[in-house]
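First comes the structure, then the notes that go with it.
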Amino acid sequence: MEDKLIEKIMQEVSKELQAPLKTETARSNGTQQQETQTCQLTEFIGTAMGDTIGLVIANVDHAIHEKMGIDKKYRSIGIIGARTGAGPHIMAVDEAVKATNTEVLAVELPRDTKGGAGHGSLIIVGSQDVSDVKRAVEVALATVERTMGDVYANEAGHLEFQYTARASYAVEKAFGAPVGKAFGLICAGPAAIGVVLADTAVKSANVEVITYSSPANGTSYSNEVIITISGDSGAVRQAVIAAREVGIKLLGTLGATPQSLSTPYI
Amino acid sequence: MEDKLIEKIMQEVSKELQAPLKTETARSNGTQQQETQTCQLTEFIGTAMGDTIGLVIANVDHAIHEKMGIDKKYRSIGIIGARTGAGPHIMAVDEAVKATNTEVLAVELPRDTKGGAGHGSLIIVGSQDVSDVKRAVEVALATVERTMGDVYANEAGHLEFQYTARASYAVEKAFGAPVGKAFGLICAGPAAIGVVLADTAVKSANVEVITYSSPANGTSYSNEVIITISGDSGAVRQAVIAAREVGIKLLGTLGATPQSLSTPYI
Amino acid sequence: MEDKLIEKIMQEVSKELQAPLKTETARSNGTQQQETQTCQLTEFIGTAMGDTIGLVIANVDHAIHEKMGIDKKYRSIGIIGARTGAGPHIMAVDEAVKATNTEVLAVELPRDTKGGAGHGSLIIVGSQDVSDVKRAVEVALATVERTMGDVYANEAGHLEFQYTARASYAVEKAFGAPVGKAFGLICAGPAAIGVVLADTAVKSANVEVITYSSPANGTSYSNEVIITISGDSGAVRQAVIAAREVGIKLLGTLGATPQSLSTPYI
């Protein structure tokens, strides 16, 4: 009877708190988004974890083209946005542009993660054909859960690792990474941990640092250090894995053992 | 007895959590601020929802004038600031400057909303007479609840809509909107939704886009797209209403049906 | 028995919520961090309240030196970073560089505080000798609890006050303050309160304003106004204390009486 009471109370409390609490906690976003709600609007494609939404505009108004600074030849645009996640969404769109006839027009990184240390995202892809952008958005949405796999979080912050054997145009647009080469991303918040991970990565394998971003340079004032690396695919992967091992230990000193938001893929 | 127990526990839990939880949830700010506390300082005018505070300095120290970049002829300044809300406060000050002999000296938009997707605000009005700025701050505070009426929120984000048949100097200062003409503001976070709302608005009526802001351009890295529009009052209102309808549906796909923070006015 | 049940339920609720809640609430960070976890990595030095972590790299990789824009003569670097707190960490590092043979290489202020109104921090110190930077990080970590003493918070925001009779190189690096002179920092979020505190401070004693920062100028879009002052030590202290008195009253109008995060030292 006591247990039943506790359960009843937990329900009351949950109702009162309405979801936003668990933002930075592992796994929460995953579960939360599973009961995706539907929407009859033709612009709506779907949602994914991290408060990710995928949208299309079949025929963009020219006034909006102009204000967005987008060439009018992209009659249709696809929009992928999230409250939590920048790297996972860039990687997901990278897969999407590989699979479709679309171009990445903009990658913008708000300071977000709902009170966390990192970024959300707003990514625009364009095409002359609405079916192309629709397909790109669908692929991106379907890929986000995978690219969230090496995001690890606890109550003090998060770590993010990405790896691809062959970078495409989203990664090039966002980080200036060479297309067709192996690419890795290493990120930690609080930023202090990221400094050590950057050093760990470059010491553990022969990789080239493409970008190094910190709170005041290259991020949107997020509390992260992010490095992106390029090189031989084995070396990039090794550098990412070495950083991941150290990162989980360091972030763990500030709280619980960091947990993957979905399923690690690297 | 069980219910009494649950109530007692909910009180304990509430105490433990101390308010900040409900930030992004509809209505919470409204209720929270109702028991406004008093303060004997002459600088204190009052508070309003969204952690809004209204203050005056009767006789600003010249060192502060200089550091703020404010002309010394504005002997008295009024200060309206909030953790949650930028548009509502700009609109409220717009009403305040219509009603008083004051000028809008600064509109600054911190990245805030207590973990939400948007901005807080810091707005400075000036005058040679303390009674003018005091009155302006009082009018602004009294107006915030109304201008929060078309802010809608759920656990995933928020929407904001504003409309006035006749823009004044706060709206001009903040967005470069033409004074005396109808003005509308459409905003959504996550930003992806705002892109669709911008397109919806310009397609639904013959309006002119004044500004288009996104995470990396024109916002303080907030996770919002904000457009402001001008034109015939009927057209502006129609565009805002069309965007509102679409916005509520789209944000609703990421969580609960978005709720107004007070009472819709448009 | 009822009390025991409540306790049990509170434990369940706490487990569910996992810490992040209390961020902005007084004292929480202090308690939370007390059970510092250990870590075998040589880079790890320790943690402190505010999700502060202290790290060292004994022998920085040259690729990282270059990307960080740090002279290669600083073979070893110390890293102090936090989710919550910028001023307290700058002051703590100021003590650390007084006590050790290190130099302050970078002070970066992410927009953070886990949904609060302010900044986190990333501070880098350098030396040719790892034992020097290790010692500096240890001193900084040991000092953070003290420099958090005049940080006051409630559910609506926070206040921060700092004072030293003799500023050193961290304070010079961060604010351009004259080394060896008395230095004070006054900060409030929401920013509106900070405007009044700035005016209060300069009116209450004969001090010189070094910097005045607001959401759009000099902060990382935080919802704060921060002034730093210099002058005669008695005057600086008096100005800080006068501002503190007013700040506690004003922030208190938006919620509970603001509480020190540890023990006031000024």
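By order in the structure tokens, chains are A, B, ...; within a chain, residues start at 1; ligands start at 1, following the order shown.
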Would you give me, as an mmCIF file with N, CA and C atoms, in the first residue's frame, the residues in region 64-133 of chain C that DSSP reads as strand (DSSP E)?
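Everything below was put into result07.cif:
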```
data_model
loop_
_atom_site.group_PDB
_atom_site.id
_atom_site.type_symbol
_atom_site.label_atom_id
_atom_site.label_comp_id
_atom_site.auth_asym_id
_atom_site.auth_seq_id
_atom_site.Cartn_x
_atom_site.Cartn_y
_atom_site.Cartn_z
ATOM 1 N N SER C 76 53.263 23.791 -19.597
ATOM 2 C CA SER C 76 52.196 23.240 -18.756
ATOM 3 C C SER C 76 51.092 24.283 -18.599
ATOM 4 N N ILE C 77 49.845 23.807 -18.665
ATOM 5 C CA ILE C 77 48.740 24.728 -18.378
ATOM 6 C C ILE C 77 47.848 24.153 -17.286
ATOM 7 N N GLY C 78 47.261 25.072 -16.532
ATOM 8 C CA GLY C 78 46.244 24.732 -15.547
ATOM 9 C C GLY C 78 44.912 25.260 -16.055
ATOM 10 N N ILE C 79 43.847 24.514 -15.819
ATOM 11 C CA ILE C 79 42.528 24.849 -16.360
ATOM 12 C C ILE C 79 41.538 24.854 -15.214
ATOM 13 N N ILE C 80 40.870 25.998 -15.016
ATOM 14 C CA ILE C 80 39.820 26.079 -14.001
ATOM 15 C C ILE C 80 38.534 26.428 -14.747
ATOM 16 N N GLY C 81 37.537 25.581 -14.625
ATOM 17 C CA GLY C 81 36.295 25.818 -15.339
ATOM 18 C C GLY C 81 35.112 25.530 -14.454
ATOM 19 N N ALA C 82 33.979 26.189 -14.752
ATOM 20 C CA ALA C 82 32.775 26.003 -13.942
ATOM 21 C C ALA C 82 31.531 26.234 -14.772
ATOM 22 N N GLU C 103 51.153 32.360 -15.007
ATOM 23 C CA GLU C 103 50.548 33.515 -15.665
ATOM 24 C C GLU C 103 49.148 33.177 -16.146
ATOM 25 N N VAL C 104 48.290 34.202 -16.128
ATOM 26 C CA VAL C 104 46.914 33.994 -16.592
ATOM 27 C C VAL C 104 46.899 34.168 -18.111
ATOM 28 N N LEU C 105 46.556 33.116 -18.834
ATOM 29 C CA LEU C 105 46.637 33.145 -20.293
ATOM 30 C C LEU C 105 45.295 33.442 -20.960
ATOM 31 N N ALA C 106 44.207 33.046 -20.326
ATOM 32 C CA ALA C 106 42.890 33.274 -20.930
ATOM 33 C C ALA C 106 41.819 33.272 -19.862
ATOM 34 N N VAL C 107 40.858 34.165 -20.032
ATOM 35 C CA VAL C 107 39.654 34.191 -19.192
ATOM 36 C C VAL C 107 38.479 34.266 -20.158
ATOM 37 N N GLU C 108 37.702 33.198 -20.239
ATOM 38 C CA GLU C 108 36.539 33.184 -21.124
ATOM 39 C C GLU C 108 35.282 32.917 -20.308
ATOM 40 N N SER C 121 32.672 29.775 -16.393
ATOM 41 C CA SER C 121 34.020 30.285 -16.664
ATOM 42 C C SER C 121 34.949 29.211 -17.208
ATOM 43 N N LEU C 122 35.934 29.688 -17.934
ATOM 44 C CA LEU C 122 37.055 28.862 -18.398
ATOM 45 C C LEU C 122 38.300 29.731 -18.280
ATOM 46 N N ILE C 123 39.161 29.380 -17.345
ATOM 47 C CA ILE C 123 40.358 30.187 -17.098
ATOM 48 C C ILE C 123 41.585 29.297 -17.272
ATOM 49 N N ILE C 124 42.551 29.813 -18.020
ATOM 50 C CA ILE C 124 43.777 29.048 -18.294
ATOM 51 C C ILE C 124 44.961 29.786 -17.667
ATOM 52 N N VAL C 125 45.750 29.057 -16.884
ATOM 53 C CA VAL C 125 47.015 29.605 -16.379
ATOM 54 C C VAL C 125 48.153 28.771 -16.961
ATOM 55 N N GLY C 126 49.305 29.383 -17.123
ATOM 56 C CA GLY C 126 50.412 28.669 -17.750
ATOM 57 C C GLY C 126 51.726 28.847 -17.005
ATOM 58 N N SER C 127 52.619 27.896 -17.232
ATOM 59 C CA SER C 127 53.945 27.952 -16.632
ATOM 60 C C SER C 127 54.866 27.008 -17.404
#
```
Would you mind listing, for every residue of chain C within 7 Å of chain B, the two atoms forming the shortest contact and the distance between them in Å to one decimal, using only C-alpha atoms, sorted by chain and ascending residue number, as CSV?
```
residue,atom,partner,partner_atom,distance
C:Ile6,CA,B:Ile9,CA,6.3
C:Leu21,CA,B:Leu17,CA,6.8
C:Lys22,CA,B:Leu17,CA,6.8
C:Gly115,CA,B:Gly115,CA,4.1
C:Gly116,CA,B:Lys114,CA,5.7
C:Ala117,CA,B:Asp112,CA,6.6
C:Glu155,CA,B:Pro20,CA,5.6
C:Ala156,CA,B:Asp51,CA,6.2
C:Pro190,CA,B:Arg83,CA,6.0
C:Ala191,CA,B:Leu122,CA,6.5
C:Ala192,CA,B:Gly81,CA,4.9
C:Val196,CA,B:Ile57,CA,7.0
C:Asp199,CA,B:Asp61,CA,6.2
C:Lys203,CA,B:Asp61,CA,6.8
C:Tyr212,CA,B:Lys67,CA,6.0
C:Pro215,CA,B:Pro110,CA,4.9
C:Ala216,CA,B:Glu108,CA,5.6
C:Tyr221,CA,B:Pro110,CA,4.6
C:Ser222,CA,B:Pro110,CA,5.3
C:Asn223,CA,B:Pro110,CA,5.0
C:Lys249,CA,B:Cys39,CA,6.8
C:Thr253,CA,B:Gln37,CA,4.9
C:Leu254,CA,B:Asp51,CA,6.2
```
Q: Could you find all residues in region 122-209 of chain B that DSSP calls helix (DSSP H, G or I) from the backbone, and write them as a ChimeraX atom specification?
A: /B:130-147,169-175,191-204
Q | Nearest to Leu159 (chain A), chosen from A:Ser260, A:Asn206, A:Thr200, A:Asn217, with only C-alpha atoms counted in the distances | A | A:Ser260
Q. Between B:Glu145, B:Glu172, B:Glu208, B:Asp71, which one has atoms that come closest to Gln128 (chain B), using only C-alpha atoms?
A. B:Asp71
